[in-house]
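Novice: I have a structure I would like to understand better, so I am pasting it below and will then ask my questions one at a time.
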Amino acid sequence: MAVFASLGEKLNHVFSKLTKRGKLTELEIKQAMREIRIALLEADVNLKVVKDFVNKVSEKALGQEILKSLSPAQQVIKIVNDELIELMGSTNSKLAVASNPPTVIMMCGLQGAGKTTLSAKLGMLLKKQGKKPLLIAGDVYRPAAIDQLKTVGEKAGCEVFTLGQINPVEIAKKGIEHAKRFGFDTVIIDTAGRLQIDEKLMQELEDIKSAVNPHEILLTVDSMTGQVAVEVAETFNNRLDITGVVLTKLDGDTRGGACLSIKAVTGKPIKFSGVGEKLGDIEPFHPDRMAKRILGMGDVLSIIEKAQEAITEEDVAKMEKKFKENSFTLEDFLDQFEMVKKMGGVSSVINLMPGANKMNIKDGDIDESRIERVKAVILSMTKRERRNPDILNFSRKTRIANGSGTSIQEVNAVLKQYEQTKQMMKQLKGKRMGKLPFKF
């Protein structure tokens with residue numbers, strides 16, 4: 001289940017009842033506000049945050065200009081959307097950049113929140129943005145923490161600075177000296193966590209902060225822990241004056257309460273969100289886009305950004321040329337599936353589409369392994385067969401099915417989907433294809 005799926009479903013149920021009426025009475029709006037309050041509480045949103053949110057929405061929704069408008073229900077939906085955006089921080093909060101490099105980012109959080117992996121994810125993201133990040137292994141207590149950072153750092157293409165299990169303050173200071181000496185413009189310090197907050201942990205973090213004066217102190221929070229995440233954020237903020245929060249596991253079966261509560265409780269923005277287990281599964285947090293996801297309006301901008309990362313202008317121009325010349329082959333069809341995979345898979349894209357919450361798509365509904373079976377079928381063909389599928393007779397299809405571990409029926413299904421895609425693209429002949437030249 002995608003994040004906020006349950007909350008979005010309940011809110012849309014409230015809105016659907018409102019939109020069935022031409023005009024709204026104060027009683028109907030108050031009833032809707034009660035249902036919204038219950039939905040937010042069930043999503044594990046902080047009680048005080050819920051009260052303030054519902055009060056603000058009610059005050060605006062009960063205004064005479066809303067009650068007398070031609071589409072009061074749409075106005076109420078807009079108010080809820082606007083207040084959700086405000087609740088989560090209004091705009092994307094970018095990382096601070098030091099005027100005199102390196103920019104020092106200190107990662108903190110409880111053990112198990114995903115801090116070490118998040119450090120590598122952030123390093124990889126910054127590398128894509130043209131930065132030269134250095135990861136510093138400052139967790140000297142957890143078994144294999146240093147080795148873990150080395151492993152994920154190598155996968156992310158980031159150098160990792162280690163000095164073994166000595167004083168973490170010294171490691172941080174010497175790591176920054178190393179960064180200055182070798183031209184790293186960003187430093188990410190992976191600090192130690194604990195299974196729960198204790199004085200020793202907080203004092204160590206305060207000592208590191210005093211020693212290196214970080215430009216950013218990012219708290220990694222497991223969004224699946226609900227209200228506990230908010231309490232953790234509040235405690236860390238009181239002791240360290242954090243600059244922002246990174247939420248992990250937003251792709252899981254989470255009620256999302258932490259996402260809607262942290263900014264209101266701490267006053268500090270959510271800067272990034274972890275949306276999967278791969279190192280590339282990290283996104284800048286955009287409150288306006290998240291609000292649209294919650295309300296089922298989709299997140300088209302994120303789809304476009306994913307496509308821009310996966311598909312170059314050269315890819316698009318090449319595909320357009322093939323469609324115009326009617327030379328679209330099974331090899332090109334295979335390339336389309338690779339593009340979808342680069343974007344995070346079919347599920348990842350569909351969950352960002354408008355109306356995704358109404359599709360009632362649950363975990364397991366979309367068989368991502370089908371892409372692998374399609375690839376297996378096409379790769380079991382000879383180059384001549386991929387370029388001239390008309391020559392595929394029963395004998396050839398039998399050989400392809402055996403070679404790909406599938407059946408003749410599946411081979412025929414792949415060929416049918418290929419033909420459908422080819423026909424669809426013929427209809428677009430002469431038109432600009434845009435950034436998504438494939439069919440789901």
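We name chains A, B, ... following the order of the structure tokens; residues begin at 1 in each chain, and ligands are numbered from 1 as shown.
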Show me, as CSV, the residues of stretch 30-134 of chain A having an atom within 6 Å of stretch 270-293 of chain A, each with the closest atom pair and its distance in Å, using only C-alpha atoms.

Specialist:
residue,atom,partner,partner_atom,distance
A:Leu84,CA,A:Ala291,CA,5.8
A:Ile85,CA,A:Pro287,CA,5.1
A:Met88,CA,A:Pro287,CA,5.4
A:Ser90,CA,A:Pro287,CA,5.8
A:Thr91,CA,A:Pro287,CA,6.0
A:Asn92,CA,A:His286,CA,4.8
A:Ser93,CA,A:Lys271,CA,5.6
A:Lys121,CA,A:Leu279,CA,4.9

Novice: Would you please extract all helix (DSSP H, G or I) residues from stretch 99-169 of chain A, as assigned by DSSP on the backbone, and give them as JSON, numbers by chain?

Specialist: {"A": [115, 116, 117, 118, 119, 120, 121, 122, 123, 124, 125, 126, 127, 128, 145, 146, 147, 148, 149, 150, 151, 152, 153, 154, 155, 156, 168, 169]}

Novice: Put those residues in a file: N, CA and C atoms, as a PDB file, in the first residue's frame.

Specialist:
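After the write, result-v8.pdb holds the following:
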ATOM      1  N   LYS A 115      19.806   5.470   9.037  1.00  0.00           N
ATOM      2  CA  LYS A 115      20.680   6.642   8.932  1.00  0.00           C
ATOM      3  C   LYS A 115      21.914   6.400   8.066  1.00  0.00           C
ATOM      4  N   THR A 116      22.578   5.251   8.256  1.00  0.00           N
ATOM      5  CA  THR A 116      23.798   4.970   7.505  1.00  0.00           C
ATOM      6  C   THR A 116      23.514   4.847   6.008  1.00  0.00           C
ATOM      7  N   THR A 117      22.482   4.091   5.667  1.00  0.00           N
ATOM      8  CA  THR A 117      22.100   3.962   4.254  1.00  0.00           C
ATOM      9  C   THR A 117      21.662   5.309   3.701  1.00  0.00           C
ATOM     10  N   LEU A 118      20.939   6.084   4.518  1.00  0.00           N
ATOM     11  CA  LEU A 118      20.472   7.398   4.093  1.00  0.00           C
ATOM     12  C   LEU A 118      21.652   8.320   3.788  1.00  0.00           C
ATOM     13  N   SER A 119      22.736   8.197   4.569  1.00  0.00           N
ATOM     14  CA  SER A 119      23.927   9.016   4.325  1.00  0.00           C
ATOM     15  C   SER A 119      24.470   8.750   2.920  1.00  0.00           C
ATOM     16  N   ALA A 120      24.506   7.470   2.533  1.00  0.00           N
ATOM     17  CA  ALA A 120      24.989   7.111   1.197  1.00  0.00           C
ATOM     18  C   ALA A 120      24.011   7.557   0.122  1.00  0.00           C
ATOM     19  N   LYS A 121      22.713   7.429   0.401  1.00  0.00           N
ATOM     20  CA  LYS A 121      21.697   7.886  -0.566  1.00  0.00           C
ATOM     21  C   LYS A 121      21.843   9.383  -0.832  1.00  0.00           C
ATOM     22  N   LEU A 122      22.031  10.151   0.249  1.00  0.00           N
ATOM     23  CA  LEU A 122      22.185  11.591   0.103  1.00  0.00           C
ATOM     24  C   LEU A 122      23.464  11.921  -0.659  1.00  0.00           C
ATOM     25  N   GLY A 123      24.534  11.166  -0.369  1.00  0.00           N
ATOM     26  CA  GLY A 123      25.781  11.370  -1.101  1.00  0.00           C
ATOM     27  C   GLY A 123      25.610  11.120  -2.587  1.00  0.00           C
ATOM     28  N   MET A 124      24.880  10.063  -2.919  1.00  0.00           N
ATOM     29  CA  MET A 124      24.639   9.718  -4.322  1.00  0.00           C
ATOM     30  C   MET A 124      23.807  10.800  -5.009  1.00  0.00           C
ATOM     31  N   LEU A 125      22.794  11.311  -4.306  1.00  0.00           N
ATOM     32  CA  LEU A 125      21.948  12.375  -4.854  1.00  0.00           C
ATOM     33  C   LEU A 125      22.771  13.630  -5.117  1.00  0.00           C
ATOM     34  N   LEU A 126      23.638  13.987  -4.168  1.00  0.00           N
ATOM     35  CA  LEU A 126      24.472  15.182  -4.323  1.00  0.00           C
ATOM     36  C   LEU A 126      25.474  15.009  -5.461  1.00  0.00           C
ATOM     37  N   LYS A 127      25.965  13.785  -5.653  1.00  0.00           N
ATOM     38  CA  LYS A 127      26.879  13.521  -6.776  1.00  0.00           C
ATOM     39  C   LYS A 127      26.186  13.782  -8.108  1.00  0.00           C
ATOM     40  N   LYS A 128      24.927  13.368  -8.193  1.00  0.00           N
ATOM     41  CA  LYS A 128      24.154  13.602  -9.412  1.00  0.00           C
ATOM     42  C   LYS A 128      23.983  15.088  -9.682  1.00  0.00           C
ATOM     43  N   ALA A 145      29.106  -1.080  11.638  1.00  0.00           N
ATOM     44  CA  ALA A 145      28.582   0.180  11.104  1.00  0.00           C
ATOM     45  C   ALA A 145      29.554   0.810  10.113  1.00  0.00           C
ATOM     46  N   ILE A 146      30.848   0.766  10.447  1.00  0.00           N
ATOM     47  CA  ILE A 146      31.859   1.348   9.556  1.00  0.00           C
ATOM     48  C   ILE A 146      31.919   0.569   8.246  1.00  0.00           C
ATOM     49  N   ASP A 147      31.897  -0.754   8.344  1.00  0.00           N
ATOM     50  CA  ASP A 147      31.917  -1.586   7.133  1.00  0.00           C
ATOM     51  C   ASP A 147      30.663  -1.356   6.288  1.00  0.00           C
ATOM     52  N   GLN A 148      29.531  -1.165   6.964  1.00  0.00           N
ATOM     53  CA  GLN A 148      28.288  -0.912   6.229  1.00  0.00           C
ATOM     54  C   GLN A 148      28.385   0.385   5.438  1.00  0.00           C
ATOM     55  N   LEU A 149      28.933   1.439   6.073  1.00  0.00           N
ATOM     56  CA  LEU A 149      29.063   2.723   5.377  1.00  0.00           C
ATOM     57  C   LEU A 149      30.035   2.596   4.207  1.00  0.00           C
ATOM     58  N   LYS A 150      31.110   1.819   4.397  1.00  0.00           N
ATOM     59  CA  LYS A 150      32.059   1.588   3.297  1.00  0.00           C
ATOM     60  C   LYS A 150      31.357   0.923   2.117  1.00  0.00           C
ATOM     61  N   THR A 151      30.537  -0.083   2.435  1.00  0.00           N
ATOM     62  CA  THR A 151      29.848  -0.847   1.382  1.00  0.00           C
ATOM     63  C   THR A 151      28.860   0.024   0.604  1.00  0.00           C
ATOM     64  N   VAL A 152      27.978   0.710   1.335  1.00  0.00           N
ATOM     65  CA  VAL A 152      26.975   1.533   0.637  1.00  0.00           C
ATOM     66  C   VAL A 152      27.624   2.753   0.000  1.00  0.00           C
ATOM     67  N   GLY A 153      28.709   3.256   0.625  1.00  0.00           N
ATOM     68  CA  GLY A 153      29.416   4.391   0.039  1.00  0.00           C
ATOM     69  C   GLY A 153      30.042   4.035  -1.293  1.00  0.00           C
ATOM     70  N   GLU A 154      30.615   2.833  -1.361  1.00  0.00           N
ATOM     71  CA  GLU A 154      31.217   2.375  -2.612  1.00  0.00           C
ATOM     72  C   GLU A 154      30.153   2.228  -3.699  1.00  0.00           C
ATOM     73  N   LYS A 155      28.993   1.682  -3.330  1.00  0.00           N
ATOM     74  CA  LYS A 155      27.902   1.528  -4.310  1.00  0.00           C
ATOM     75  C   LYS A 155      27.400   2.885  -4.793  1.00  0.00           C
ATOM     76  N   ALA A 156      27.442   3.878  -3.893  1.00  0.00           N
ATOM     77  CA  ALA A 156      26.978   5.218  -4.246  1.00  0.00           C
ATOM     78  C   ALA A 156      28.040   6.020  -4.990  1.00  0.00           C
ATOM     79  N   PRO A 168      34.690   9.848  18.241  1.00  0.00           N
ATOM     80  CA  PRO A 168      33.936  10.338  17.079  1.00  0.00           C
ATOM     81  C   PRO A 168      34.155  11.824  16.795  1.00  0.00           C
ATOM     82  N   VAL A 169      34.410  12.617  17.828  1.00  0.00           N
ATOM     83  CA  VAL A 169      34.661  14.046  17.614  1.00  0.00           C
ATOM     84  C   VAL A 169      35.943  14.232  16.795  1.00  0.00           C
TER      85      VAL A 169
END

Novice: To one decimal place in Å, what is the distance between atom CA of A:Gly8 and atom CA of A:Arg34?

Specialist: 15.6 Å

Novice: Quick one: everything within 12 Å of A:Ala98, counting only C-alpha atoms, minus sequence neighbours fewer than 2 positions away in the same chain. Send it as an mmCIF file with C-alpha atoms, in the first residue's frame.

Specialist:
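Written output follows (part-v2.cif):
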data_model
loop_
_atom_site.group_PDB
_atom_site.id
_atom_site.type_symbol
_atom_site.label_atom_id
_atom_site.label_comp_id
_atom_site.auth_asym_id
_atom_site.auth_seq_id
_atom_site.Cartn_x
_atom_site.Cartn_y
_atom_site.Cartn_z
ATOM 1 C CA LEU A 95 20.116 22.173 1.837
ATOM 2 C CA ALA A 96 22.322 24.998 3.036
ATOM 3 C CA ASN A 100 33.565 28.466 2.072
ATOM 4 C CA PRO A 101 33.473 24.682 1.307
ATOM 5 C CA PRO A 102 33.040 22.069 2.493
ATOM 6 C CA THR A 103 29.384 22.148 3.479
ATOM 7 C CA VAL A 104 29.138 19.997 6.614
ATOM 8 C CA ILE A 105 26.035 17.814 7.024
ATOM 9 C CA ASP A 185 32.830 20.319 -1.327
ATOM 10 C CA THR A 186 30.412 18.419 0.941
ATOM 11 C CA VAL A 187 30.912 16.295 4.048
ATOM 12 C CA ASN A 213 29.714 23.665 13.452
ATOM 13 C CA PRO A 214 27.671 21.805 10.811
ATOM 14 C CA HIS A 215 25.674 23.769 8.265
ATOM 15 C CA GLU A 216 22.944 21.111 8.396
#

Novice: Need to verify the contact set: A:Pro269, 7 Å, only C-alpha atoms, exclusion of same-chain residues closer than 3 positions in sequence. Can you return it as a list of chain:residue names?

Specialist: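 Once the nearby chain positions are removed, what remains is A:Gly89, A:Ser93, A:Gly244, A:Val245, A:Lys263.
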
Novice: Would you save the residues from that selection as a CSV table (one decimal), in the first residue's frame, using all heavy atoms?

Specialist:
chain,number,residue,atom,x,y,z
A,89,GLY,N,4.9,22.4,5.5
A,89,GLY,CA,6.0,23.3,5.3
A,89,GLY,C,6.0,24.2,4.1
A,89,GLY,O,7.0,24.9,3.8
A,93,SER,N,12.3,22.7,1.1
A,93,SER,CA,13.4,23.3,1.9
A,93,SER,C,14.8,22.7,1.4
A,93,SER,O,15.0,21.5,1.6
A,93,SER,CB,13.2,23.1,3.4
A,93,SER,OG,14.3,23.7,4.1
A,244,GLY,N,16.6,20.1,9.9
A,244,GLY,CA,15.7,19.4,9.0
A,244,GLY,C,15.5,17.9,9.3
A,244,GLY,O,16.3,17.4,10.1
A,245,VAL,N,14.5,17.3,8.7
A,245,VAL,CA,14.2,15.9,8.9
A,245,VAL,C,14.2,15.2,7.6
A,245,VAL,O,13.9,15.7,6.6
A,245,VAL,CB,12.8,15.8,9.6
A,245,VAL,CG1,12.4,14.3,9.8
A,245,VAL,CG2,12.8,16.5,11.0
A,263,LYS,N,6.6,18.8,11.1
A,263,LYS,CA,6.9,20.2,10.9
A,263,LYS,C,6.1,21.1,11.9
A,263,LYS,O,6.7,22.1,12.4
A,263,LYS,CB,6.5,20.6,9.4
A,263,LYS,CG,6.5,22.1,9.1
A,263,LYS,CD,7.9,22.6,9.2
A,263,LYS,CE,8.0,24.0,8.6
A,263,LYS,NZ,7.2,25.0,9.4

Novice: Leaving out stretch 227-232 of chain A and any residue of its chain fewer than 6 positions from it, which residues lie within 9 Å of it when counting only C-alpha atoms, given as a JSON list (two decimals) with N, CA and C atoms, in the first residue's frame?

Specialist:
[["chain", "number", "residue", "atom", "x", "y", "z"],
["A", 44, "ASP", "N", -2.67, 8.51, 12.57],
["A", 44, "ASP", "CA", -1.63, 8.70, 13.58],
["A", 44, "ASP", "C", -1.04, 10.10, 13.57],
["A", 45, "VAL", "N", -1.84, 11.08, 13.17],
["A", 45, "VAL", "CA", -1.40, 12.47, 13.22],
["A", 45, "VAL", "C", -1.54, 12.96, 14.66],
["A", 46, "ASN", "N", -0.58, 13.77, 15.09],
["A", 46, "ASN", "CA", -0.57, 14.31, 16.45],
["A", 46, "ASN", "C", -1.90, 15.01, 16.78],
["A", 109, "GLY", "N", 20.10, 10.33, 14.52],
["A", 109, "GLY", "CA", 18.86, 9.56, 14.62],
["A", 109, "GLY", "C", 19.04, 8.32, 15.44],
["A", 110, "LEU", "N", 17.93, 7.65, 15.73],
["A", 110, "LEU", "CA", 17.99, 6.42, 16.51],
["A", 110, "LEU", "C", 18.49, 5.26, 15.65],
["A", 196, "GLN", "N", 17.34, 3.70, 21.89],
["A", 196, "GLN", "CA", 16.47, 4.72, 22.47],
["A", 196, "GLN", "C", 17.33, 5.90, 22.87],
["A", 197, "ILE", "N", 16.70, 7.05, 23.06],
["A", 197, "ILE", "CA", 17.43, 8.26, 23.40],
["A", 197, "ILE", "C", 18.03, 8.14, 24.81],
["A", 221, "VAL", "N", 14.35, 9.83, 10.49],
["A", 221, "VAL", "CA", 13.22, 9.32, 11.26],
["A", 221, "VAL", "C", 12.50, 8.23, 10.47],
["A", 257, "GLY", "N", 1.26, 9.61, 9.73],
["A", 257, "GLY", "CA", 1.07, 10.64, 10.74],
["A", 257, "GLY", "C", 2.31, 11.46, 11.02],
["A", 258, "ALA", "N", 3.48, 10.82, 10.99],
["A", 258, "ALA", "CA", 4.73, 11.54, 11.26],
["A", 258, "ALA", "C", 4.97, 12.62, 10.21],
["A", 259, "CYS", "N", 4.66, 12.28, 8.96],
["A", 259, "CYS", "CA", 4.87, 13.22, 7.86],
["A", 259, "CYS", "C", 4.04, 14.49, 8.05],
["A", 261, "SER", "N", 2.90, 15.60, 11.00],
["A", 261, "SER", "CA", 3.02, 16.17, 12.34],
["A", 261, "SER", "C", 4.36, 16.84, 12.62],
["A", 262, "ILE", "N", 5.43, 16.33, 12.05],
["A", 262, "ILE", "CA", 6.78, 16.75, 12.45],
["A", 262, "ILE", "C", 7.02, 18.25, 12.27],
["A", 265, "VAL", "N", 5.10, 20.24, 14.92],
["A", 265, "VAL", "CA", 5.58, 20.04, 16.29],
["A", 265, "VAL", "C", 6.96, 20.64, 16.51],
["A", 266, "THR", "N", 7.87, 20.46, 15.55],
["A", 266, "THR", "CA", 9.26, 20.92, 15.73],
["A", 266, "THR", "C", 9.54, 22.28, 15.10]]

Novice: Between atom CA of A:Val377 and atom CA of A:Val414, what is the spacing in Å?

Specialist: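 According to the coordinates, atom CA of A:Val414 and atom CA of A:Val377 are separated by 7.8 Å.
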